[in-house]
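Structure, as structure tokens:
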Amino acid sequence: MKYSQPGVVLLIWLTFALGTSAADIPTRRSVGNTLLSQNGWATVLIENGRLCMFSPNFGGGSASTSNSNGRKESFSVNNMNGQCRLQYDFADKDETVHVEIIDNGTHATVKADPKTGGPQLDFQQDVKQCSLTAKIGDQTWELHGPTVWHLALGAPELCRKQLFPLLEMLRNGWKPDAVAADLEDSLFKSAATFTLGDQQRWAQAIRELSANSYSQRHAAFRRLREAGRAIVPYLQNYDVAQLDAEQRTRIQGLIAEYTGSGTEDTVSALTIRLLGDRQIWFELLDRDDLAKRTKAAETLSRLLNEKLDFDPAADAATRKTQLEKLRPRFEAAKTAT
């Protein structure tokens, strides 16, 4: 089955062979240090949920190749019209890996193609979304979401065992799987004290951001800021379509003030950013742990301001039926494949 709402929510298409499950996903092998991970010209990272790279040498470029111990590698980073582009290729007897990243994350490709029937992965990123297609034996996964972290929370085993080990080839000591695991724990811990606060008061303050009087606009913004980090989930879920430019700028600035910008993603910043993400909490309804399902249902009910039609204590078949009924609320389109 295939579910989608481009650029907004997570799409997961899972085609399983009879008798298999996500628990059967093999853990990707480690290839040790790579030519790319040892270079001093570029650092690959995840910023604002998107794969990107940073290079302090925008005035030039670098290229290197290696052919030893049964594997071939090539690496280059160059400044092209103000954008730094990284390309990396790896090949040994088992697989080929191709990587291409533009520094600000407008485009990224990370592909692994097996030579001996191993896992095949294709990660793609553009200005709207991230996607991952994986083929492992008779199983196929296709995921789409606005950030890498949406993919990780939607299909944790696939990302932990296959996607993140592939990304770790790109930087020594990088552990995005640990960030994803800690993020899930942090979301559940933060949900215990999560509140949407006085939504009517906040809505009134947002309306006053477009007042004719500067003093009134300034006072409204001050009231929003005084709410602290608790207001971030509310602002992130606010429909900004009818707002004017100043209202949008003020709201975006306040969100950025608490979620951070320009640095590698941290668990604390991600928790604030995703705590009010309805699609994230919908995906967390499917966890094996009853306590997590219960907390996810409670949090999503608060975000929707209504009791969710989902019984976290029901048997697996009943929960699956309930989730399928709920899914259209979070996704714009639903088609069977």
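To be explicit about the labels: the chains of the structure tokens are called A, B, and onward in the order shown, and within each one the residues are counted from 1, while ligands get numbers from 1 in the order they are shown.
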Those of segment 169-245 of chain A in DSSP helix (DSSP H, G or I), formatted as a PDB file with C-alpha atoms, in the first residue's frame:
ATOM      1  CA  MET A 169      30.717   5.768   5.475  1.00  0.00           C
ATOM      2  CA  LEU A 170      30.721   9.511   4.830  1.00  0.00           C
ATOM      3  CA  PRO A 176      23.012   9.346  13.336  1.00  0.00           C
ATOM      4  CA  ASP A 177      21.361   6.124  14.553  1.00  0.00           C
ATOM      5  CA  ALA A 178      22.096   7.171  18.146  1.00  0.00           C
ATOM      6  CA  VAL A 179      20.476  10.569  17.506  1.00  0.00           C
ATOM      7  CA  ALA A 180      17.357   8.866  16.113  1.00  0.00           C
ATOM      8  CA  ALA A 181      17.100   6.494  19.101  1.00  0.00           C
ATOM      9  CA  ASP A 182      17.639   9.283  21.628  1.00  0.00           C
ATOM     10  CA  LEU A 183      15.150  11.463  19.751  1.00  0.00           C
ATOM     11  CA  GLU A 184      12.368   8.898  20.136  1.00  0.00           C
ATOM     12  CA  ASP A 185      13.108   8.559  23.856  1.00  0.00           C
ATOM     13  CA  SER A 186      13.209  12.339  24.237  1.00  0.00           C
ATOM     14  CA  LEU A 187       9.877  12.798  22.466  1.00  0.00           C
ATOM     15  CA  PHE A 188       8.153  10.339  24.785  1.00  0.00           C
ATOM     16  CA  LYS A 189       9.724  11.909  27.876  1.00  0.00           C
ATOM     17  CA  SER A 190       8.770  15.412  26.766  1.00  0.00           C
ATOM     18  CA  ALA A 191       5.231  14.290  25.990  1.00  0.00           C
ATOM     19  CA  GLN A 199      -4.309  28.534  22.239  1.00  0.00           C
ATOM     20  CA  GLN A 200      -6.949  31.262  22.100  1.00  0.00           C
ATOM     21  CA  ARG A 201      -4.546  33.763  23.641  1.00  0.00           C
ATOM     22  CA  TRP A 202      -1.800  32.781  21.225  1.00  0.00           C
ATOM     23  CA  ALA A 203      -4.154  32.950  18.238  1.00  0.00           C
ATOM     24  CA  GLN A 204      -5.173  36.472  19.264  1.00  0.00           C
ATOM     25  CA  ALA A 205      -1.521  37.509  19.542  1.00  0.00           C
ATOM     26  CA  ILE A 206      -0.824  36.163  16.039  1.00  0.00           C
ATOM     27  CA  ARG A 207      -3.737  38.176  14.672  1.00  0.00           C
ATOM     28  CA  GLU A 208      -2.344  41.304  16.353  1.00  0.00           C
ATOM     29  CA  TYR A 214       3.748  49.099  15.759  1.00  0.00           C
ATOM     30  CA  SER A 215       3.432  49.085  19.547  1.00  0.00           C
ATOM     31  CA  GLN A 216       0.517  46.652  19.321  1.00  0.00           C
ATOM     32  CA  ARG A 217       2.468  44.351  16.960  1.00  0.00           C
ATOM     33  CA  HIS A 218       5.503  44.497  19.241  1.00  0.00           C
ATOM     34  CA  ALA A 219       3.411  43.712  22.332  1.00  0.00           C
ATOM     35  CA  ALA A 220       1.803  40.756  20.548  1.00  0.00           C
ATOM     36  CA  PHE A 221       5.173  39.324  19.617  1.00  0.00           C
ATOM     37  CA  ARG A 222       6.410  39.784  23.184  1.00  0.00           C
ATOM     38  CA  ARG A 223       3.435  37.771  24.487  1.00  0.00           C
ATOM     39  CA  LEU A 224       4.230  34.955  22.062  1.00  0.00           C
ATOM     40  CA  ARG A 225       7.881  34.917  23.079  1.00  0.00           C
ATOM     41  CA  GLU A 226       6.973  34.909  26.786  1.00  0.00           C
ATOM     42  CA  GLY A 228       8.662  30.017  25.830  1.00  0.00           C
ATOM     43  CA  ARG A 229       9.431  26.777  24.041  1.00  0.00           C
ATOM     44  CA  ALA A 230       5.976  25.406  24.816  1.00  0.00           C
ATOM     45  CA  ILE A 231       4.597  27.505  21.973  1.00  0.00           C
ATOM     46  CA  VAL A 232       6.759  25.929  19.253  1.00  0.00           C
ATOM     47  CA  PRO A 233       4.490  22.930  18.477  1.00  0.00           C
ATOM     48  CA  TYR A 234       1.501  25.273  18.251  1.00  0.00           C
ATOM     49  CA  LEU A 235       3.283  27.595  15.838  1.00  0.00           C
ATOM     50  CA  GLN A 236       4.550  24.712  13.722  1.00  0.00           C
ATOM     51  CA  ALA A 245       4.385  38.634   5.349  1.00  0.00           C
TER      52      ALA A 245
END
Exercise for review: Identify, on the basis of only C-alpha atoms, every residue whose closest approach to Ile46 of chain A does not exceed 8 Å; exclude the query and any residue fewer than 6 positions from it along the same chain; express the result as a list in words.
Suggested key: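 The neighbour list is Cys52, Glu264 and Asp265 of chain A.
Among A:Phe75, A:Phe123, A:Phe164, A:Phe54, the residue with the shortest atom-to-atom distance to Gln87 of chain A, counting only C-alpha atoms, is A:Phe75.
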(message) Please list as a VMD selection string every residue within 9 Å of Ala296 of chain A, counting only C-alpha atoms and excluding residues in the same chain fewer than 4 positions away.
(response) chain A and resid 188 191 281 to 285 291 to 292 300 to 301 312
* **Exercise: Ser66 of chain A partners within 9 Å, only C-alpha atoms, chain neighbours under 3 positions left out, as a ChimeraX atom specification** => /A:35,71-75
>> Report as number ranges by chain all protein, DNA and RNA residues lying within 12 Å of Lys115 of chain A, evaluated on only C-alpha atoms, omitting residues in the same chain fewer than 5 positions from it.
In response: A: 91-97, 120
